[in-house]
Amino acid sequence: MKGILAIFRRELNGYFVSPIAYIVIGAFLVAAGFVFSIILSSVMQYAMMAQAQAARSGAPPDIDVPMQVIRSFVGFVGTYVLPILMPMLTMGIYAEDRKRGTMEMLMTSPITEIQIVLGKYLASLTLFVVMLAPTLLYYVIVGAYSDPPLPWRIVGSGYLGLFLLGAVLLAIGAFISSLTENQIIAGVVTFVLFLTLLFIDLSVRDSSSSVAEVIKYLSILQHYQEFSQGVIDTTNIIFYLSGVMLGLFLTLRSLDSMRWRRA
Amino acid sequence: MIEVEHLTKSYGQARAVNDISFKVEKGEILGFLGPNGAGKTTTMRILTGYLPATGGTARIAGFDVFEDSMEVRKRIGYLPETPPLYPDMSVSDYLAFVARIKGVEAADLSKRVEEAMRMTNITDRKDWLIKKLSRGYKQRVGIAQAVVHNPDVVILDEPTVGLDPTQRNEVRNLIKGLAGEHTIILSTHILSEVETTCDRVIIINKGKISAIDTPDNLTKQLKGGERVKIVVRGEADGLRSALEDVEGAKAVEVESSDHDGALAATVDSELGVDLRGRIAAKVVGSGLELLELRSVSLSLEEIFMQLTTEEKPTEEKAAL
């Protein structure tokens with residue numbers, strides 16, 4: 001535990017003394033704020049049109065504005081923003097250590113590889129939460145003017161979905177970073193992989209063939225859609241946790257193999 | 001403190017380390033001398049538990065480096081060829097981090113960090129970011145991280161490489177200061193470095209040990225001229241006076257007989273002076289029984305040649 005904590009503290013500090021954390025968090029907040037305001041205004045516009053139509057026909061408008069905003073925002077951030085920004089957080093996790101030679105120091109210290117992997121992973125996860133947390137402010141502001149009141153349960157489940165999706169992306173990115181000494185290569189490979197996952201996911205979204213169903217089931221981008229609708233399904237949580245475990249396990253194997261490879 | 005037996009490391013067909021055995025006593029400074037690619041780094045990496053050996057065993061403080069890796073790692077400090085530094089950390093933060101992962105208790109932490117900085121003379125830079133430090137200081141921070149947890153054994157891979165002569169001297173004095181309390185292994189490809197720093201030297205070449213001796217004896221063999229080894233049956237004092245009479249003999253050493261009254265002796269002379277004929281004539285002339293006579297400096301000389309020519313391969317090509 002002490003080993004994990006020592007690694008965790010160093011890694012988290014490492015993010016904040018280099019410009020990378022500020023750049024990624026800054027870029028994320030600009031993108032998120034921009035997307036949120038566009039979604040909010042377009043949903044509002046649509047709602048007003050629906051209301052006008054409803055007034056004419058006499059039927060009540062069938063649009064839930066807060067729910068629509070949350071769904072669209074969480075969906076957009078998860079599908080487009082995270083896959084693009086996360087590689088920047090993960091690319092250096094191991095590649096930098098290998099290049100600096102500090103990996104050799106860590107691996108000859110009396111700490112296990114599991115402690116190294118968990119310490120680094122938890123640090124990246126913490127940074128991700130720090131990056132995501134300010135966007136909750138949007139709901140506080142919107143909630144203050146919302147009538148009916150904002151469904152916080154859906155906000156909560158949507159963010160749980162985002163958190164789990166980010167957790168898987170970080171675990172995969174860390175694994176890729178452990179394969180090379182060059183963080184640019186790690187970043188590009190991770191980015192291309194995430195984009196490929198995104199394109200595969202998009203291409204099967206509207207299809208319902210049996211192959212498409214299998215791909216949808218395996219797609220990490222599919223499973224959080226239900227979270228954004230307020231459904232917390234254990235299946236989806238287990239799916240993501242398995243993804244995290246797989247990523248961490250592969251990273252462990254990769255570190256172990258460094259001892260057997262020719263230097 | 002360190003026992004290495006028949007250690008071997010293969011990469012496919014190639015053998016980076018080939019059947020190496022040696023022992024290091026507590027408080028000793030042992031130097032690994034050899035050209036680049038001789039297997040120095042590989043041997044050190046096996047001792048630190050970073051690489052597994054293909055064959056043989058290595059024990060540090062009684063613990064096997066592979067079976068009891070964690071116990072071994074607690075007891076060693078290791079400076080790899082490039083100092084393992086985090087450029088964006090301050091010196092004291094960095095040393096505190098290393099102390100934590102090396103298992104130093106929280107109560108002793110600041111004391112150990114202070115002590116490591118004092119020993120390596122970097123206290124005046126404690127709040128500096130590591131990336132702002134000069135090479136010499138970085139190297140000293142690297143040594144500080146290797147001793148911050150007060151390990152029994154300190155392993156230093158090329159601790160003076162890339163330093164200017166003044167810095168090199170500082171680092172050597174620093175290493176000498178560490179001995180006694182710590183057992184030290186260091187590697188180098190500079191002959192004069194082992195002369196000034198080490199108690200004992202292992203010359204390693206192509207994965208094999210070419211020689212183990214004190215630097216004095218080695219340099220005598222390497223540089224100081226020729227050495228002839230003879231084995232004689234007879235009486236020690238007579239042999240000594242006979243050998244001292246040989247024209248050109250600089251130093252004579254007679255060792256006590258091992259069995260059946262045979263005496264072993266070495267005679268040193270200036271470089272390029274071949275005493276073998278004169279010694280043979282003198283020994284036989286004094287009525288002693290000459291059993292064996294050979295020149296021993298040649299093979300080591302060859303190694304030394306390799307050590308020096310390895311540094312400038314272009315010249316060698318030009319000569320051909």
# chains A, B, ... in the order shown; residues from 1 in each chain; ligands from 1
>>> interface_residues(of="chain A", to="chain B", cutoff="12 Å", atoms="only C-alpha atoms", output="mmCIF file with N, CA and C atoms, in the first residue's frame")
data_model
loop_
_atom_site.group_PDB
_atom_site.id
_atom_site.type_symbol
_atom_site.label_atom_id
_atom_site.label_comp_id
_atom_site.auth_asym_id
_atom_site.auth_seq_id
_atom_site.Cartn_x
_atom_site.Cartn_y
_atom_site.Cartn_z
ATOM 1 N N MET A 1 0.834 -1.208 0.000
ATOM 2 C CA MET A 1 0.000 0.000 0.000
ATOM 3 C C MET A 1 0.868 1.257 0.000
ATOM 4 N N LYS A 2 1.932 1.237 0.833
ATOM 5 C CA LYS A 2 2.818 2.399 0.879
ATOM 6 C C LYS A 2 3.506 2.611 -0.472
ATOM 7 N N GLY A 3 3.837 1.495 -1.119
ATOM 8 C CA GLY A 3 4.456 1.583 -2.434
ATOM 9 C C GLY A 3 3.528 2.215 -3.442
ATOM 10 N N ILE A 4 2.258 1.757 -3.434
ATOM 11 C CA ILE A 4 1.265 2.311 -4.362
ATOM 12 C C ILE A 4 1.129 3.812 -4.126
ATOM 13 N N LEU A 5 1.047 4.191 -2.853
ATOM 14 C CA LEU A 5 0.847 5.598 -2.504
ATOM 15 C C LEU A 5 2.025 6.455 -2.973
ATOM 16 N N ALA A 6 3.240 5.933 -2.790
ATOM 17 C CA ALA A 6 4.425 6.691 -3.204
ATOM 18 C C ALA A 6 4.417 6.904 -4.716
ATOM 19 N N ILE A 7 4.121 5.844 -5.469
ATOM 20 C CA ILE A 7 4.064 5.956 -6.933
ATOM 21 C C ILE A 7 2.939 6.906 -7.336
ATOM 22 N N PHE A 8 1.780 6.738 -6.697
ATOM 23 C CA PHE A 8 0.614 7.559 -7.001
ATOM 24 C C PHE A 8 0.927 9.044 -6.827
ATOM 25 N N ARG A 9 1.527 9.383 -5.703
ATOM 26 C CA ARG A 9 1.822 10.790 -5.427
ATOM 27 C C ARG A 9 2.804 11.365 -6.441
ATOM 28 N N ARG A 10 3.842 10.581 -6.768
ATOM 29 C CA ARG A 10 4.819 11.081 -7.722
ATOM 30 C C ARG A 10 4.204 11.291 -9.103
ATOM 31 N N GLU A 11 3.390 10.321 -9.518
ATOM 32 C CA GLU A 11 2.794 10.405 -10.846
ATOM 33 C C GLU A 11 1.845 11.597 -10.939
ATOM 34 N N ASN A 13 1.837 14.315 -9.118
ATOM 35 C CA ASN A 13 2.677 15.518 -9.149
ATOM 36 C C ASN A 13 3.290 15.708 -10.522
ATOM 37 N N GLY A 14 3.732 14.576 -11.109
ATOM 38 C CA GLY A 14 4.353 14.618 -12.429
ATOM 39 C C GLY A 14 3.430 15.240 -13.467
ATOM 40 N N TYR A 15 2.125 14.926 -13.376
ATOM 41 C CA TYR A 15 1.181 15.516 -14.330
ATOM 42 C C TYR A 15 1.145 17.032 -14.185
ATOM 43 N N PHE A 16 1.176 17.495 -12.926
ATOM 44 C CA PHE A 16 0.926 18.913 -12.714
ATOM 45 C C PHE A 16 2.167 19.780 -12.811
ATOM 46 N N VAL A 17 3.376 19.169 -12.850
ATOM 47 C CA VAL A 17 4.549 20.004 -13.071
ATOM 48 C C VAL A 17 4.888 20.090 -14.555
ATOM 49 N N SER A 18 4.268 19.235 -15.373
ATOM 50 C CA SER A 18 4.493 19.355 -16.811
ATOM 51 C C SER A 18 3.259 20.030 -17.413
ATOM 52 N N PRO A 19 3.412 20.652 -18.561
ATOM 53 C CA PRO A 19 2.260 21.386 -19.118
ATOM 54 C C PRO A 19 1.123 20.481 -19.593
ATOM 55 N N GLU A 96 7.727 7.337 -20.904
ATOM 56 C CA GLU A 96 8.654 8.313 -20.344
ATOM 57 C C GLU A 96 9.596 7.663 -19.340
ATOM 58 N N ASP A 97 9.050 6.785 -18.504
ATOM 59 C CA ASP A 97 9.882 6.102 -17.510
ATOM 60 C C ASP A 97 10.928 5.226 -18.166
ATOM 61 N N ARG A 98 10.526 4.587 -19.267
ATOM 62 C CA ARG A 98 11.492 3.723 -19.945
ATOM 63 C C ARG A 98 12.602 4.555 -20.567
ATOM 64 N N LYS A 99 12.210 5.707 -21.151
ATOM 65 C CA LYS A 99 13.194 6.538 -21.814
ATOM 66 C C LYS A 99 14.155 7.179 -20.813
ATOM 67 N N ARG A 100 13.627 7.672 -19.694
ATOM 68 C CA ARG A 100 14.467 8.314 -18.678
ATOM 69 C C ARG A 100 15.345 7.319 -17.939
ATOM 70 N N GLY A 101 14.996 6.034 -18.013
ATOM 71 C CA GLY A 101 15.748 5.046 -17.236
ATOM 72 C C GLY A 101 15.201 4.865 -15.831
ATOM 73 N N THR A 102 14.142 5.602 -15.494
ATOM 74 C CA THR A 102 13.576 5.465 -14.149
ATOM 75 C C THR A 102 12.820 4.149 -13.984
ATOM 76 N N MET A 103 12.419 3.548 -15.125
ATOM 77 C CA MET A 103 11.738 2.250 -15.040
ATOM 78 C C MET A 103 12.662 1.210 -14.412
ATOM 79 N N GLU A 104 13.943 1.273 -14.789
ATOM 80 C CA GLU A 104 14.902 0.313 -14.243
ATOM 81 C C GLU A 104 15.032 0.512 -12.729
ATOM 82 N N MET A 105 14.982 1.774 -12.312
ATOM 83 C CA MET A 105 15.053 2.057 -10.874
ATOM 84 C C MET A 105 13.816 1.514 -10.159
ATOM 85 N N LEU A 106 12.641 1.742 -10.743
ATOM 86 C CA LEU A 106 11.413 1.243 -10.114
ATOM 87 C C LEU A 106 11.444 -0.279 -10.017
ATOM 88 N N MET A 107 11.941 -0.910 -11.105
ATOM 89 C CA MET A 107 11.887 -2.369 -11.146
ATOM 90 C C MET A 107 13.011 -3.033 -10.355
ATOM 91 N N THR A 108 13.953 -2.242 -9.844
ATOM 92 C CA THR A 108 14.954 -2.825 -8.944
ATOM 93 C C THR A 108 14.715 -2.339 -7.512
ATOM 94 N N SER A 109 13.563 -1.710 -7.282
ATOM 95 C CA SER A 109 13.199 -1.286 -5.934
ATOM 96 C C SER A 109 12.345 -2.373 -5.291
ATOM 97 N N PRO A 110 12.322 -2.411 -3.958
ATOM 98 C CA PRO A 110 11.525 -3.455 -3.299
ATOM 99 C C PRO A 110 10.021 -3.189 -3.343
ATOM 100 N N ILE A 111 9.511 -2.941 -4.531
ATOM 101 C CA ILE A 111 8.066 -2.853 -4.709
ATOM 102 C C ILE A 111 7.701 -3.780 -5.861
ATOM 103 N N THR A 112 6.462 -4.300 -5.833
ATOM 104 C CA THR A 112 6.068 -5.238 -6.876
ATOM 105 C C THR A 112 5.608 -4.474 -8.115
ATOM 106 N N GLU A 113 5.552 -5.186 -9.215
ATOM 107 C CA GLU A 113 5.068 -4.553 -10.442
ATOM 108 C C GLU A 113 3.589 -4.161 -10.320
ATOM 109 N N GLN A 115 2.192 -2.983 -7.706
ATOM 110 C CA GLN A 115 2.161 -1.682 -7.031
ATOM 111 C C GLN A 115 2.480 -0.548 -7.995
ATOM 112 N N ILE A 116 3.441 -0.781 -8.880
ATOM 113 C CA ILE A 116 3.796 0.245 -9.873
ATOM 114 C C ILE A 116 2.591 0.522 -10.772
ATOM 115 N N GLY A 119 -0.379 2.177 -8.832
ATOM 116 C CA GLY A 119 -0.066 3.554 -8.469
ATOM 117 C C GLY A 119 -0.192 4.487 -9.657
ATOM 118 N N LEU A 255 5.389 -5.249 -18.533
ATOM 119 C CA LEU A 255 6.512 -4.876 -17.663
ATOM 120 C C LEU A 255 7.378 -6.094 -17.389
ATOM 121 N N ASP A 256 6.716 -7.213 -17.128
ATOM 122 C CA ASP A 256 7.435 -8.440 -16.840
ATOM 123 C C ASP A 256 8.326 -8.832 -18.019
ATOM 124 N N SER A 257 7.805 -8.636 -19.220
ATOM 125 C CA SER A 257 8.564 -9.053 -20.406
ATOM 126 C C SER A 257 9.798 -8.186 -20.608
ATOM 127 N N MET A 258 9.795 -6.970 -20.027
ATOM 128 C CA MET A 258 10.979 -6.112 -20.154
ATOM 129 C C MET A 258 12.200 -6.778 -19.535
ATOM 130 N N ARG A 259 11.970 -7.598 -18.531
ATOM 131 C CA ARG A 259 13.079 -8.282 -17.868
ATOM 132 C C ARG A 259 13.661 -9.388 -18.745
ATOM 133 N N TRP A 260 12.879 -9.870 -19.688
ATOM 134 C CA TRP A 260 13.334 -11.001 -20.477
ATOM 135 C C TRP A 260 13.816 -10.600 -21.849
ATOM 136 N N ARG A 261 13.480 -9.367 -22.250
ATOM 137 C CA ARG A 261 13.907 -8.909 -23.565
ATOM 138 C C ARG A 261 15.356 -8.501 -23.538
ATOM 139 N N ARG A 262 15.961 -8.507 -24.688
ATOM 140 C CA ARG A 262 17.331 -7.997 -24.791
ATOM 141 C C ARG A 262 17.307 -6.481 -24.629
ATOM 142 N N ALA A 263 18.179 -5.988 -23.796
ATOM 143 C CA ALA A 263 18.163 -4.552 -23.487
ATOM 144 C C ALA A 263 18.480 -3.713 -24.710
#
>>> select_by_dssp(residues="segment 45-271 of chain B", states="alpha helix (DSSP H)", output="MDAnalysis selection string")
chainID B and resid 45:47 69:75 91:101 109:119 135:147 165:178 191:197 215:222 236:245
>>> residues_around(residues="Pro87 of chain A", least_positions_apart="4", cutoff="6 Å", atoms="only C-alpha atoms", output="PyMOL selection string")
chain A and resi 91+187+190-191
>>> write_last_selection(atoms="N, CA and C atoms", output="mmCIF file, in the first residue's frame")
data_model
loop_
_atom_site.group_PDB
_atom_site.id
_atom_site.type_symbol
_atom_site.label_atom_id
_atom_site.label_comp_id
_atom_site.auth_asym_id
_atom_site.auth_seq_id
_atom_site.Cartn_x
_atom_site.Cartn_y
_atom_site.Cartn_z
ATOM 1 N N MET A 91 -0.055 8.602 -22.929
ATOM 2 C CA MET A 91 1.098 8.256 -23.778
ATOM 3 C C MET A 91 2.421 8.188 -23.023
ATOM 4 N N GLY A 187 1.339 7.615 -28.081
ATOM 5 C CA GLY A 187 0.184 8.486 -28.226
ATOM 6 C C GLY A 187 -0.530 8.268 -29.553
ATOM 7 N N THR A 190 -2.292 4.824 -29.698
ATOM 8 C CA THR A 190 -3.494 4.845 -28.862
ATOM 9 C C THR A 190 -4.609 5.634 -29.557
ATOM 10 N N PHE A 191 -4.239 6.771 -30.113
ATOM 11 C CA PHE A 191 -5.206 7.624 -30.802
ATOM 12 C C PHE A 191 -5.849 6.888 -31.979
#
>>> select_by_dssp(residues="segment 76-173 of chain B", states="strand (DSSP E)", output="PyMOL selection string")
chain B and resi 76-79+153-156
>>> write_last_selection(atoms="N, CA and C atoms", output="mmCIF file, in the first residue's frame")
data_model
loop_
_atom_site.group_PDB
_atom_site.id
_atom_site.type_symbol
_atom_site.label_atom_id
_atom_site.label_comp_id
_atom_site.auth_asym_id
_atom_site.auth_seq_id
_atom_site.Cartn_x
_atom_site.Cartn_y
_atom_site.Cartn_z
ATOM 1 N N ILE B 76 20.168 -3.372 -1.722
ATOM 2 C CA ILE B 76 21.078 -2.793 -2.701
ATOM 3 C C ILE B 76 20.626 -1.412 -3.149
ATOM 4 N N GLY B 77 21.619 -0.609 -3.474
ATOM 5 C CA GLY B 77 21.359 0.648 -4.147
ATOM 6 C C GLY B 77 21.997 0.526 -5.512
ATOM 7 N N TYR B 78 21.348 1.054 -6.530
ATOM 8 C CA TYR B 78 21.806 0.814 -7.892
ATOM 9 C C TYR B 78 21.767 2.103 -8.698
ATOM 10 N N LEU B 79 22.899 2.417 -9.284
ATOM 11 C CA LEU B 79 22.943 3.546 -10.219
ATOM 12 C C LEU B 79 23.173 2.997 -11.620
ATOM 13 N N VAL B 153 24.817 -3.018 -0.056
ATOM 14 C CA VAL B 153 25.581 -3.118 -1.293
ATOM 15 C C VAL B 153 25.193 -1.979 -2.227
ATOM 16 N N VAL B 154 26.189 -1.328 -2.807
ATOM 17 C CA VAL B 154 25.922 -0.265 -3.773
ATOM 18 C C VAL B 154 26.527 -0.680 -5.109
ATOM 19 N N ILE B 155 25.712 -0.668 -6.151
ATOM 20 C CA ILE B 155 26.170 -1.073 -7.474
ATOM 21 C C ILE B 155 26.112 0.139 -8.395
ATOM 22 N N LEU B 156 27.251 0.504 -8.947
ATOM 23 C CA LEU B 156 27.332 1.721 -9.756
ATOM 24 C C LEU B 156 27.829 1.362 -11.151
#
>>> residues_around(residues="Val141 of chain B", least_positions_apart="3", cutoff="9 Å", atoms="only C-alpha atoms", output="PyMOL selection string")
chain B and resi 83+85+91+95+116-117+120+122+130+136-138+144-146
>>> residues_around(residues="Ala31 of chain A", least_positions_apart="6", cutoff="12 Å", atoms="only C-alpha atoms", output="PyMOL selection string")
chain A and resi 24-25+37-38+73+76-77+80-82+84-85+131-132+135
>>> residues_around(residues="Val244 of chain A", least_positions_apart="2", cutoff="6 Å", atoms="only C-alpha atoms", output="ChimeraX atom specification")
/A:168,171,241-242,246-247
>>> residues_around(residues="segment 174-185 of chain B", least_positions_apart="2", cutoff="9 Å", atoms="only C-alpha atoms", output="PyMOL selection string")
chain B and resi 1-2+24-32+44+119-121+140+143+147+150-157+169-172+187+197-198
>>> write_last_selection(atoms="C-alpha atoms", output="tab-separated table (two decimals), in the first residue's frame")
chain	number	residue	atom	x	y	z
B	1	MET	CA	28.55	-10.17	1.10
B	2	ILE	CA	28.26	-11.01	-2.59
B	24	VAL	CA	33.10	-9.68	-2.68
B	25	GLU	CA	33.77	-9.17	1.02
B	26	LYS	CA	31.93	-6.66	3.17
B	27	GLY	CA	33.28	-3.13	2.82
B	28	GLU	CA	35.27	-3.88	-0.30
B	29	ILE	CA	35.26	-1.85	-3.51
B	30	LEU	CA	35.27	-4.14	-6.51
B	31	GLY	CA	35.79	-2.76	-10.01
B	32	PHE	CA	34.56	-4.31	-13.23
B	44	MET	CA	25.11	-5.81	-12.65
B	119	MET	CA	27.33	12.32	1.76
B	120	THR	CA	27.14	13.28	-1.89
B	121	ASN	CA	27.64	16.98	-1.20
B	140	ARG	CA	25.85	12.87	-7.61
B	143	ILE	CA	24.62	8.25	-6.37
B	147	VAL	CA	22.54	5.21	-0.95
B	150	ASN	CA	21.50	2.96	3.53
B	151	PRO	CA	21.90	-0.31	1.59
B	152	ASP	CA	24.53	-2.95	2.34
B	153	VAL	CA	25.58	-3.12	-1.29
B	154	VAL	CA	25.92	-0.27	-3.77
B	155	ILE	CA	26.17	-1.07	-7.47
B	156	LEU	CA	27.33	1.72	-9.76
B	157	ASP	CA	27.36	1.29	-13.52
B	169	ASN	CA	37.82	13.05	-9.23
B	170	GLU	CA	35.00	14.23	-6.98
B	171	VAL	CA	32.91	11.20	-7.78
B	172	ARG	CA	35.85	8.84	-7.15
B	187	SER	CA	32.11	-0.72	-13.57
B	197	THR	CA	39.37	3.64	-6.45
B	198	CYS	CA	39.13	-0.13	-6.20
